[in-house]
$ cat query_3.txt   # compact mmCIF, C-alpha atoms
# COMPACT_ATOMS: atom_id res chain seq x y z
CA MET A 1 30.26 -22.98 12.71
CA ASP A 2 27.90 -23.86 15.56
CA LEU A 3 24.14 -23.39 15.62
CA ILE A 4 24.37 -19.96 17.24
CA ASP A 5 26.64 -18.68 14.45
CA ARG A 6 24.32 -20.12 11.81
CA TYR A 7 21.36 -18.48 13.53
CA LEU A 8 23.12 -15.10 13.68
CA ALA A 9 24.09 -15.38 10.01
CA ALA A 10 20.42 -16.01 9.15
CA VAL A 11 19.35 -12.93 11.16
CA ARG A 12 22.09 -10.82 9.54
CA ARG A 13 20.81 -11.60 6.04
CA GLN A 14 17.44 -9.99 6.88
CA LEU A 15 18.84 -6.79 8.38
CA PRO A 16 19.46 -3.57 6.46
CA GLU A 17 23.07 -2.85 5.55
CA GLY A 18 24.84 -0.59 7.98
CA THR A 19 23.08 -2.03 11.03
CA GLN A 20 24.05 -5.67 10.60
CA ASP A 21 27.37 -5.75 12.51
CA ASP A 22 26.05 -3.78 15.43
CA ILE A 23 22.86 -5.78 15.91
CA VAL A 24 24.43 -9.18 15.32
CA GLN A 25 27.28 -8.49 17.75
CA GLU A 26 24.82 -7.51 20.45
CA LEU A 27 22.66 -10.58 19.78
CA ARG A 28 25.76 -12.77 19.85
CA ASP A 29 26.74 -11.45 23.26
CA SER A 30 23.21 -11.97 24.55
CA LEU A 31 23.04 -15.55 23.24
CA ARG A 32 26.53 -16.44 24.49
CA SER A 33 25.75 -14.96 27.93
CA GLU A 34 22.58 -17.04 28.20
CA ALA A 35 24.38 -20.16 26.94
CA GLU A 36 27.11 -19.67 29.57
CA GLU A 37 24.51 -19.31 32.29
CA LEU A 38 22.88 -22.59 31.22
CA GLU A 39 26.28 -24.30 31.14
CA VAL A 40 27.03 -23.13 34.71
CA ARG A 41 23.59 -24.32 35.83
CA ASP A 42 23.94 -27.78 34.19
CA GLY A 43 27.68 -28.17 34.84
CA ARG A 44 28.45 -29.15 31.23
CA PRO A 45 28.89 -27.51 27.82
CA LEU A 46 25.72 -26.76 25.93
CA ASP A 47 25.24 -29.44 23.26
CA ALA A 48 23.49 -28.99 19.89
CA GLY A 49 20.09 -29.89 21.41
CA GLY A 50 20.53 -27.27 24.13
CA GLN A 51 21.57 -24.64 21.60
CA ALA A 52 18.59 -25.49 19.41
CA ALA A 53 16.22 -25.07 22.39
CA LEU A 54 17.82 -21.72 23.25
CA LEU A 55 17.49 -20.45 19.68
CA LYS A 56 13.95 -21.76 19.33
CA LYS A 57 13.01 -19.67 22.37
CA ARG A 58 14.43 -16.54 20.71
CA GLY A 59 12.24 -17.00 17.63
CA HIS A 60 12.68 -17.45 13.88
CA PRO A 61 15.56 -15.35 12.45
CA TRP A 62 13.14 -13.50 10.15
CA LEU A 63 10.96 -12.47 13.10
CA VAL A 64 13.95 -11.41 15.17
CA ALA A 65 15.27 -9.26 12.30
CA ALA A 66 11.82 -7.86 11.50
CA ARG A 67 11.55 -6.37 15.00
CA TYR A 68 14.50 -4.11 14.23
CA LEU A 69 12.80 -2.66 11.16
CA SER A 70 10.47 0.29 11.35
CA GLN A 71 6.85 -0.69 10.84
CA GLN A 72 6.03 -0.35 7.17
CA TYR A 73 2.76 -0.83 5.34
CA LEU A 74 2.32 -1.51 1.70
CA ILE A 75 -1.18 -0.08 2.14
CA GLY A 76 -1.88 1.35 5.57
CA PRO A 77 -5.11 1.44 7.58
CA SER A 78 -6.11 4.92 6.35
CA LEU A 79 -6.10 3.87 2.67
CA TYR A 80 -7.07 0.22 3.06
CA PRO A 81 -10.88 0.73 2.96
CA TYR A 82 -10.52 2.72 -0.28
CA TYR A 83 -8.13 0.13 -1.68
CA ARG A 84 -10.69 -2.62 -1.13
CA LYS A 85 -13.44 -0.53 -2.67
CA ALA A 86 -11.32 0.45 -5.70
CA LEU A 87 -10.22 -3.15 -6.10
CA GLY A 88 -13.79 -4.37 -6.23
CA MET A 89 -14.91 -1.67 -8.67
CA VAL A 90 -11.96 -1.92 -11.02
CA VAL A 91 -11.96 -5.70 -11.16
CA PHE A 92 -15.70 -5.60 -11.82
CA TRP A 93 -15.40 -3.00 -14.58
CA VAL A 94 -12.52 -4.84 -16.22
CA VAL A 95 -13.89 -8.37 -15.94
CA LEU A 96 -17.46 -7.51 -16.91
CA PRO A 97 -16.59 -5.89 -20.28
CA ILE A 98 -14.22 -8.76 -21.10
CA ILE A 99 -17.00 -11.27 -20.47
CA LEU A 100 -19.74 -9.28 -22.24
CA ILE A 101 -17.87 -7.73 -25.19
CA GLY A 102 -15.33 -10.54 -25.50
CA GLY A 103 -18.11 -13.09 -25.23
CA ALA A 104 -20.13 -11.40 -27.95
CA VAL A 105 -17.13 -11.08 -30.27
CA THR A 106 -16.05 -14.69 -29.65
CA THR A 107 -19.56 -15.91 -30.38
CA ILE A 108 -19.64 -14.02 -33.69
CA SER A 109 -16.14 -14.94 -34.78
CA SER A 110 -15.87 -18.62 -33.87
CA GLU A 111 -17.88 -21.81 -33.66
CA ALA A 112 -19.23 -20.60 -30.34
CA SER A 113 -19.41 -23.89 -28.53
CA ILE A 114 -19.63 -23.56 -24.74
CA ALA A 115 -16.21 -25.22 -24.35
CA THR A 116 -14.59 -22.77 -26.80
CA TRP A 117 -16.25 -19.84 -25.11
CA ILE A 118 -15.11 -20.92 -21.63
CA SER A 119 -11.56 -21.73 -22.76
CA ARG A 120 -11.09 -18.23 -24.22
CA ILE A 121 -13.12 -15.91 -22.05
CA ILE A 122 -12.24 -17.31 -18.60
CA PRO A 123 -8.44 -16.98 -19.09
CA ALA A 124 -8.94 -13.49 -20.57
CA ALA A 125 -11.12 -12.43 -17.63
CA TRP A 126 -8.65 -13.97 -15.18
CA ASN A 127 -5.71 -12.14 -16.78
CA GLY A 128 -7.70 -8.91 -16.75
CA ALA A 129 -8.49 -9.37 -13.07
CA ILE A 130 -4.84 -10.07 -12.21
CA TYR A 131 -3.65 -7.00 -14.16
CA SER A 132 -6.29 -4.87 -12.42
CA VAL A 133 -5.34 -6.11 -8.97
CA GLY A 134 -1.68 -5.45 -9.75
CA ILE A 135 -2.26 -1.93 -11.06
CA VAL A 136 -4.61 -0.95 -8.21
CA THR A 137 -2.14 -2.31 -5.66
CA ILE A 138 0.80 -0.44 -7.22
CA VAL A 139 -1.19 2.82 -7.32
CA PHE A 140 -2.21 2.51 -3.67
CA ALA A 141 1.27 1.51 -2.59
CA ILE A 142 2.58 4.71 -4.24
CA LEU A 143 -0.16 6.76 -2.58
CA GLU A 144 0.66 5.21 0.78
CA HIS A 145 4.33 5.98 0.33
CA GLU A 146 3.71 9.57 -0.76
CA GLN A 147 1.20 10.18 2.01
CA VAL A 148 3.78 9.18 4.59
CA ARG A 149 6.38 11.43 2.98
CA LEU A 150 4.13 14.43 2.48
CA SER A 151 2.06 13.94 5.66
CA VAL A 152 -0.91 15.28 3.68
CA LEU A 153 -3.48 14.08 6.18
CA ASP A 154 -1.57 15.46 9.18
CA LYS A 155 -0.70 18.93 7.92
CA TRP A 156 -4.14 20.40 7.37
CA ASN A 157 -5.75 23.54 8.57
CA PRO A 158 -9.47 23.52 9.46
CA GLU A 159 -9.65 27.23 8.58
CA ARG A 160 -8.79 26.41 4.98
CA LEU A 161 -11.82 24.15 4.58
CA PRO A 162 -14.09 25.82 2.02
CA ASP A 163 -17.73 26.64 2.53
CA HIS A 164 -19.53 23.35 2.26
CA ASP A 165 -22.46 24.84 0.33
CA ALA A 166 -20.28 26.64 -2.15
CA VAL A 167 -17.82 23.99 -3.30
CA ARG A 168 -18.25 20.33 -3.91
CA GLU A 169 -16.44 17.73 -1.82
CA VAL A 170 -15.40 14.90 -4.14
CA PRO A 171 -16.00 11.53 -2.44
CA ARG A 172 -12.69 9.72 -1.93
CA SER A 173 -14.11 6.58 -3.56
CA GLU A 174 -14.91 8.58 -6.72
CA SER A 175 -11.44 10.11 -7.01
CA VAL A 176 -9.74 6.79 -6.27
CA PHE A 177 -11.84 5.00 -8.87
CA GLY A 178 -11.17 7.76 -11.42
CA LEU A 179 -7.45 7.71 -10.67
CA VAL A 180 -7.13 3.96 -11.01
CA PHE A 181 -9.25 3.92 -14.14
CA SER A 182 -7.36 6.71 -15.93
CA LEU A 183 -4.03 5.16 -14.92
CA THR A 184 -5.14 1.76 -16.20
CA PHE A 185 -6.19 3.32 -19.51
CA LEU A 186 -2.93 5.29 -19.62
CA ILE A 187 -0.87 2.14 -19.12
CA TRP A 188 -2.79 0.38 -21.87
CA TRP A 189 -2.64 3.39 -24.20
CA THR A 190 1.14 3.70 -23.92
CA GLY A 191 1.48 -0.01 -24.67
CA ILE A 192 2.95 -1.05 -21.31
CA VAL A 193 0.20 -3.68 -20.95
CA ARG A 194 -1.49 -5.36 -23.87
CA ALA A 195 -5.14 -6.44 -23.96
CA PRO A 196 -5.73 -10.21 -24.23
CA ASN A 197 -6.62 -11.82 -27.57
CA LEU A 198 -10.33 -12.50 -27.62
CA VAL A 199 -10.92 -13.24 -31.29
CA PHE A 200 -9.87 -16.61 -32.66
CA PHE A 201 -10.23 -18.20 -36.06
CA GLY A 202 -9.98 -21.93 -35.57
CA SER A 203 -7.21 -22.22 -33.00
CA GLU A 204 -5.29 -19.16 -34.23
CA PRO A 205 -5.74 -15.81 -32.49
CA ALA A 206 -6.69 -13.01 -34.88
CA ARG A 207 -4.51 -9.92 -35.18
CA ILE A 208 -6.47 -6.84 -34.30
CA VAL A 209 -4.64 -3.70 -35.37
CA PRO A 210 -5.70 -0.10 -34.80
CA GLY A 211 -7.09 1.73 -37.81
CA PRO A 212 -5.27 4.72 -39.38
CA MET A 213 -7.71 7.20 -37.79
CA TRP A 214 -5.88 6.81 -34.44
CA ALA A 215 -2.56 8.25 -35.64
CA PRO A 216 -3.44 11.96 -35.16
CA LEU A 217 -5.19 11.14 -31.84
CA TYR A 218 -2.28 9.49 -29.98
CA TRP A 219 -0.87 12.66 -28.39
CA PRO A 220 -4.22 14.40 -27.69
CA ILE A 221 -5.51 11.27 -25.92
CA LEU A 222 -2.24 10.86 -23.99
CA LEU A 223 -2.43 14.52 -22.92
CA SER A 224 -6.04 14.10 -21.86
CA LEU A 225 -5.22 10.97 -19.83
CA LEU A 226 -2.33 12.70 -18.07
CA ALA A 227 -4.56 15.67 -17.24
CA SER A 228 -7.34 13.38 -15.93
CA THR A 229 -4.85 11.44 -13.81
CA ALA A 230 -3.51 14.69 -12.33
CA ILE A 231 -7.04 15.96 -11.55
CA HIS A 232 -8.02 12.70 -9.83
CA LEU A 233 -4.78 12.76 -7.86
CA VAL A 234 -5.47 16.32 -6.64
CA ASP A 235 -9.06 15.29 -5.77
CA MET A 236 -7.70 12.32 -3.85
CA ILE A 237 -5.25 14.40 -1.81
CA ARG A 238 -7.48 17.45 -1.39
CA PRO A 239 -11.11 16.45 -1.91
CA TRP A 240 -12.56 19.97 -1.80
CA ARG A 241 -12.99 21.18 -5.35
CA THR A 242 -11.88 24.72 -6.02
CA THR A 243 -13.43 26.75 -8.82
CA ALA A 244 -10.10 26.70 -10.67
CA LEU A 245 -9.86 22.91 -10.60
CA SER A 246 -13.51 22.56 -11.64
CA LEU A 247 -12.80 24.81 -14.63
CA VAL A 248 -9.75 22.72 -15.56
CA ASP A 249 -11.86 19.57 -15.27
CA ILE A 250 -14.57 21.08 -17.46
CA GLY A 251 -11.90 22.04 -19.99
CA VAL A 252 -10.49 18.51 -20.05
CA ASN A 253 -13.97 17.05 -20.47
CA LEU A 254 -14.73 19.41 -23.37
CA PHE A 255 -11.41 18.44 -24.94
CA ASN A 256 -12.38 14.76 -24.55
CA ILE A 257 -15.80 15.41 -26.11
CA GLY A 258 -13.98 17.00 -29.05
CA ILE A 259 -11.84 13.87 -29.44
CA ILE A 260 -14.94 11.67 -29.29
CA VAL A 261 -16.77 13.78 -31.90
CA PHE A 262 -13.72 13.41 -34.17
CA MET A 263 -13.75 9.67 -33.53
CA LEU A 264 -17.45 9.25 -34.22
CA ARG A 265 -16.96 10.69 -37.71
CA ALA A 266 -14.75 7.71 -38.51
CA ASN A 267 -15.70 4.04 -38.24
CA ASN A 268 -12.52 2.15 -38.93
CA TYR A 269 -11.28 1.94 -35.34
CA VAL A 270 -9.73 -1.51 -35.73
CA GLN A 271 -8.92 -3.92 -38.52
CA VAL A 272 -9.15 -7.67 -37.97
CA LEU A 273 -6.50 -9.55 -39.91
CA ALA A 274 -7.23 -13.24 -40.48
CA PRO A 275 -6.14 -16.11 -42.74
CA ALA A 276 -7.78 -16.26 -46.19
CA ASP A 277 -10.19 -19.04 -45.09
CA TYR A 278 -11.75 -16.76 -42.50
CA VAL A 279 -12.17 -13.50 -44.41
CA ASP A 280 -15.97 -13.41 -44.06
CA ARG A 281 -15.84 -14.16 -40.38
CA ALA A 282 -13.09 -11.56 -39.87
CA ALA A 283 -15.22 -8.94 -41.63
CA ARG A 284 -18.14 -9.72 -39.32
CA ALA A 285 -15.91 -9.55 -36.24
CA GLU A 286 -14.42 -6.23 -37.44
CA TYR A 287 -17.89 -4.79 -38.02
CA SER A 288 -19.01 -5.96 -34.58
CA ILE A 289 -15.96 -4.56 -32.76
CA ASN A 290 -16.11 -1.21 -34.58
CA ASN A 291 -19.80 -0.84 -33.78
CA THR A 292 -19.16 -1.72 -30.12
CA ILE A 293 -16.39 0.88 -29.93
CA MET A 294 -18.58 3.50 -31.59
CA VAL A 295 -21.53 2.87 -29.23
CA SER A 296 -19.18 2.82 -26.20
CA PHE A 297 -17.58 6.14 -27.10
CA ALA A 298 -20.93 7.71 -27.89
CA GLY A 299 -22.03 6.66 -24.39
CA ILE A 300 -18.84 8.04 -22.82
CA GLY A 301 -19.37 11.30 -24.76
CA LEU A 302 -22.89 11.64 -23.33
CA ILE A 303 -21.62 10.95 -19.78
CA LEU A 304 -18.89 13.60 -20.21
CA ALA A 305 -21.40 16.12 -21.58
CA TRP A 306 -23.68 15.48 -18.58
CA ASP A 307 -20.69 15.92 -16.23
CA VAL A 308 -19.81 19.25 -17.87
CA PHE A 309 -23.43 20.38 -17.50
CA VAL A 310 -23.54 19.36 -13.80
CA GLN A 311 -20.23 21.05 -13.03
CA ILE A 312 -21.20 24.30 -14.74
CA ARG A 313 -24.56 24.31 -12.92
CA ARG A 314 -22.76 23.73 -9.60
CA LEU A 315 -20.36 26.60 -10.26
CA VAL A 316 -23.22 28.94 -11.21
CA LYS A 317 -25.13 27.98 -8.05
CA ALA A 318 -22.03 28.45 -5.92
CA ARG A 319 -21.49 32.08 -7.01
CA PRO A 320 -24.52 33.64 -5.29
CA ALA A 321 -23.78 31.64 -2.13
CA ARG A 322 -20.26 33.04 -2.03
CA ALA A 323 -21.41 36.55 -2.80
CA HIS A 324 -23.90 36.27 0.05
CA ALA A 325 -21.20 35.01 2.40
CA LEU A 326 -19.00 38.00 1.51
CA MET B 1 -15.37 -13.90 22.53
CA ASP B 2 -12.03 -13.92 20.71
CA PRO B 3 -9.80 -16.34 22.66
CA ASN B 4 -6.76 -14.09 22.00
CA LEU B 5 -8.49 -10.96 23.20
CA PHE B 6 -6.94 -11.02 26.67
CA ASP B 7 -3.44 -11.46 25.22
CA THR B 8 -3.99 -8.59 22.79
CA LEU B 9 -5.25 -6.23 25.51
CA ARG B 10 -2.47 -7.32 27.87
CA LEU B 11 0.11 -6.57 25.18
CA GLU B 12 -1.34 -3.08 24.67
CA LEU B 13 -1.32 -2.48 28.42
CA ARG B 14 2.32 -3.56 28.75
CA ARG B 15 3.70 -1.78 25.71
CA GLY B 16 4.00 1.69 27.23
CA SER B 17 4.96 0.48 30.68
CA LEU B 18 7.92 -1.51 29.29
CA THR B 19 9.45 1.66 27.87
CA LEU B 20 9.03 3.35 31.24
CA ALA B 21 10.60 0.39 33.07
CA VAL B 22 13.59 0.25 30.70
CA LEU B 23 14.23 3.98 31.00
CA ALA B 24 13.96 3.82 34.78
CA GLN B 25 16.28 0.82 35.04
CA LEU B 26 18.87 2.53 32.86
CA ARG B 27 19.41 5.28 35.40
CA SER B 28 22.33 2.97 36.13
CA GLU B 29 24.40 1.49 33.32
CA HIS B 30 23.57 -1.98 31.95
CA TYR B 31 24.22 -4.08 28.91
CA GLY B 32 21.29 -5.90 27.31
CA TYR B 33 21.65 -9.22 29.07
CA THR B 34 22.02 -7.81 32.62
CA LEU B 35 19.26 -5.29 31.97
CA ARG B 36 16.85 -8.05 31.05
CA LYS B 37 17.86 -10.09 34.11
CA ALA B 38 17.40 -7.09 36.36
CA LEU B 39 13.91 -6.46 34.97
CA VAL B 40 12.95 -10.14 35.28
CA ASP B 41 14.28 -10.27 38.85
CA LEU B 42 12.08 -7.27 39.66
CA GLY B 43 9.04 -9.11 38.27
CA LEU B 44 8.83 -7.61 34.77
CA ASP B 45 9.27 -10.36 32.20
CA ILE B 46 10.47 -9.03 28.85
CA ASP B 47 11.77 -11.16 26.03
CA GLU B 48 14.96 -10.39 24.15
CA GLY B 49 13.09 -9.90 20.88
CA THR B 50 11.28 -6.95 22.44
CA LEU B 51 14.09 -5.54 24.59
CA TYR B 52 16.93 -5.18 22.07
CA PRO B 53 14.92 -3.42 19.33
CA LEU B 54 13.40 -1.19 22.06
CA LEU B 55 16.90 -0.21 23.22
CA ARG B 56 17.88 0.71 19.67
CA ARG B 57 14.72 2.79 19.21
CA LEU B 58 15.26 4.65 22.47
CA GLU B 59 18.85 5.34 21.50
CA ALA B 60 17.77 6.60 18.08
CA GLN B 61 15.37 8.93 19.93
CA GLU B 62 18.40 10.16 21.91
CA LEU B 63 16.92 9.03 25.22
CA LEU B 64 19.81 6.57 25.74
CA THR B 65 23.50 6.60 25.04
CA SER B 66 25.56 3.49 24.47
CA GLU B 67 29.17 2.41 24.14
CA TRP B 68 30.90 -0.85 23.28
CA ARG B 69 33.32 -2.11 25.97
CA GLU B 70 35.03 -5.40 26.57
CA GLU B 71 34.00 -7.30 29.66
CA GLY B 72 34.58 -10.97 30.53
CA GLY B 73 36.49 -11.50 27.25
CA ARG B 74 33.58 -10.31 25.09
CA LYS B 75 32.55 -6.96 23.64
CA LYS B 76 29.32 -5.73 25.18
CA ARG B 77 27.17 -2.71 24.48
CA PHE B 78 26.46 -0.71 27.62
CA TYR B 79 23.44 1.57 27.77
CA LYS B 80 22.56 4.40 30.11
CA LEU B 81 20.04 7.20 30.26
CA SER B 82 21.01 10.40 28.39
CA PRO B 83 20.29 13.90 29.79
CA ASP B 84 17.23 14.08 27.48
CA GLY B 85 16.23 10.61 28.69
CA ARG B 86 16.34 11.80 32.32
CA GLN B 87 14.07 14.71 31.47
CA ILE B 88 11.59 12.51 29.61
CA LEU B 89 11.66 9.87 32.34
CA LYS B 90 10.77 12.52 34.92
CA GLN B 91 7.79 13.62 32.83
CA LEU B 92 6.70 10.05 32.12
CA LEU B 93 6.86 9.12 35.80
CA ALA B 94 4.67 12.10 36.66
CA GLU B 95 2.21 10.96 33.98
CA TRP B 96 2.36 7.39 35.22
CA ASN B 97 1.63 8.46 38.80
CA ALA B 98 -1.29 10.60 37.65
CA ILE B 99 -2.75 7.67 35.67
CA ASN B 100 -2.23 5.36 38.64
CA GLN B 101 -4.02 7.73 40.99
CA SER B 102 -6.90 8.15 38.55
CA LEU B 103 -7.20 4.40 38.05
CA ASP B 104 -7.15 3.85 41.79
CA ARG B 105 -10.11 6.20 42.11
CA ILE B 106 -11.93 4.63 39.13
CA ILE B 107 -11.35 1.00 40.06

$ encode --input "query_3.txt" --output "structure tokens"
Amino acid sequence: MDLIDRYLAAVRRQLPEGTQDDIVQELRDSLRSEAEELEVRDGRPLDAGGQAALLKKRGHPWLVAARYLSQQYLIGPSLYPYYRKALGMVVFWVVLPIILIGGAVTTISSEASIATWISRIIPAAWNGAIYSVGIVTIVFAILEHEQVRLSVLDKWNPERLPDHDAVREVPRSESVFGLVFSLTFLIWWTGIVRAPNLVFFGSEPARIVPGPMWAPLYWPILLSLLASTAIHLVDMIRPWRTTALSLVDIGVNLFNIGIIVFMLRANNYVQVLAPADYVDRAARAEYSINNTIMVSFAGIGLILAWDVFVQIRRLVKARPARAHAL
Amino acid sequence: MDPNLFDTLRLELRRGSLTLAVLAQLRSEHYGYTLRKALVDLGLDIDEGTLYPLLRRLEAQELLTSEWREEGGRKKRFYKLSPDGRQILKQLLAEWNAINQSLDRII
């Protein structure tokens, strides 16, 4: 097998099935024709050095094959600015809680030397950042793919744009952030990705298990996450909020507030299981984590209640404007 | 200034005109190697890595037809303009002439 055959075999490996024979045969003819022309010019057969120079001029086999493929983006120019924004926000909101909450819990539950703190929190924050980047990238790659297939941004009708005063336009950054966040939570909730261990006793990681109060909440929370993901996806594709979608969103938020109220009546969100030598420390860590969860969910409940209030006020304000327009 | 700026702009300028040149040259039948030589001889340098994928794209768009035939002891793929290709070429040439005339007035 001479260099030209080896080159063509390397190109073939990068081509999609079904096109390989056709393309390679045409390239072979082109290369052989050029080689013959050089042989006539020089009056001698083309040696290995001459073949190498000829192939070098044609370019690396990967590049040659790539030119036969249609141009494909993992994340194209229309989504890339939002991807970067979502990436920054999600990484920030994943890494920051790991450092703050994880740092506080580690300080309470272990000897809390700087070296211990760094050796546990930095890897946890790093893993969190990598997971976030991966999830955001996968979500945007799917959006890119679907956008191409559905041509959402091409097939639009200016006449269907709603009255700007009457209906809210959801900023793309808000819907993207919401979508990525609810998907991340969904992936964690269904157990596809596990949170890193942040509590250690000595060198052993503690086992943190969910309390029994979660059992009746698994399906309601899963349902709520699926609904939130769907709403953010619709907002992302069609950023003009209709009254119907606003009502669905309000309904989902009220449902979530109900879940949070149920949760706040309990206080055994997690149990920290530790060796007998560390029972006191485990109890303190458990108390700290449960309080953090309670405060966090109370805060989320207040944010949701405010969102419901704002959305209802917006709908009420929109009604006279529409009536006037009619 | 970006040192590659001229090359980038030159590439953009050439991209559309290469398609026009290939379509025009394929009013008579060629296979890839002779087509490239003909274009180079007429002053339009085009590398094989650009030409062969372009031929496949134009054929997929039904502007060219092709057939494999044996010539000189080797199988070669011969291309020529399809009826749709002739129609498009006519329209593109009209567009090209209009652009040329406008540019002449502007420059």

$ closest_residue --input "query_3.txt" --among "B:Lys90, B:Arg74, B:Lys80, B:Arg10" --to "chain A" --atoms "only C-alpha atoms"
B:Arg74

$ interface_residues --input "query_3.txt" --of "chain B" --to "chain A" --cutoff "9 Å" --atoms "all atoms listed in the file" --output "ChimeraX atom specification"
/B:32-33,47-50,52-54,56-57,74-77

$ atom_distance --input "query_3.txt" --atom1 "CA of Leu273 (chain A)" --atom2 "CA of Ile289 (chain A)"
12.9 Å

$ closest_residue --input "query_3.txt" --among "A:Pro77, A:Leu233, A:Asn253, A:Pro210" --to "Val272 (chain A)" --atoms "only C-alpha atoms"
A:Pro210

$ atom_distance --input "query_3.txt" --atom1 "CA of Arg207 (chain A)" --atom2 "CA of Gly102 (chain A)"
14.5 Å

$ atom_distance --input "query_3.txt" --atom1 "CA of Ala35 (chain A)" --atom2 "CA of Asp21 (chain A)"
20.6 Å

$ closest_residue --input "query_3.txt" --among "A:Ile192, A:Ala266, A:Ile101, A:Val91" --to "Gly211 (chain A)" --atoms "all atoms listed in the file"
A:Ala266

$ closest_residue --input "query_3.txt" --among "A:Leu54, A:Val248, A:Met213, A:Gly103" --to "Ser288 (chain A)" --atoms "all atoms listed in the file"
A:Gly103

$ residues_around --input "query_3.txt" --residues "Glu169 (chain A)" --least-positions-apart "4" --cutoff "9 Å" --atoms "only C-alpha atoms" --output "list of chain:residue names"
A:His164, A:Asp235, A:Arg238, A:Pro239, A:Trp240, A:Arg241

$ write_last_selection --input "query_3.txt" --atoms "C-alpha atoms" --output "mmCIF file, in the coordinates of the input"
data_model
loop_
_atom_site.group_PDB
_atom_site.id
_atom_site.type_symbol
_atom_site.label_atom_id
_atom_site.label_comp_id
_atom_site.auth_asym_id
_atom_site.auth_seq_id
_atom_site.Cartn_x
_atom_site.Cartn_y
_atom_site.Cartn_z
ATOM 1 C CA HIS A 164 -19.530 23.350 2.260
ATOM 2 C CA ASP A 235 -9.060 15.290 -5.770
ATOM 3 C CA ARG A 238 -7.480 17.450 -1.390
ATOM 4 C CA PRO A 239 -11.110 16.450 -1.910
ATOM 5 C CA TRP A 240 -12.560 19.970 -1.800
ATOM 6 C CA ARG A 241 -12.990 21.180 -5.350
#

$ residues_around --input "query_3.txt" --residues "Ile257 (chain A)" --least-positions-apart "3" --cutoff "8 Å" --atoms "all atoms listed in the file" --output "PyMOL selection string"
chain A and resi 253-254+260-261+301+304-305

$ write_last_selection --input "query_3.txt" --atoms "C-alpha atoms" --output "JSON list (two decimals), in the coordinates of the input"
[["chain", "number", "residue", "atom", "x", "y", "z"],
["A", 253, "ASN", "CA", -13.97, 17.05, -20.47],
["A", 254, "LEU", "CA", -14.73, 19.41, -23.37],
["A", 260, "ILE", "CA", -14.94, 11.67, -29.29],
["A", 261, "VAL", "CA", -16.77, 13.78, -31.90],
["A", 301, "GLY", "CA", -19.37, 11.30, -24.76],
["A", 304, "LEU", "CA", -18.89, 13.60, -20.21],
["A", 305, "ALA", "CA", -21.40, 16.12, -21.58]]

$ residues_around --input "query_3.txt" --residues "region 174-180 of chain A" --least-positions-apart "2" --cutoff "12 Å" --atoms "only C-alpha atoms" --output "number ranges by chain"
A: 79-94, 131-140, 142-143, 169-172, 182-187, 225-241

$ closest_residue --input "query_3.txt" --among "A:Leu55, A:Ala115, A:Glu17, A:Gln311" --to "Leu245 (chain A)" --atoms "only C-alpha atoms"
A:Gln311

$ residues_around --input "query_3.txt" --residues "region 5-16 of chain A" --least-positions-apart "3" --cutoff "6 Å" --atoms "only C-alpha atoms" --output "ChimeraX atom specification"
/A:1-2,20,61,65
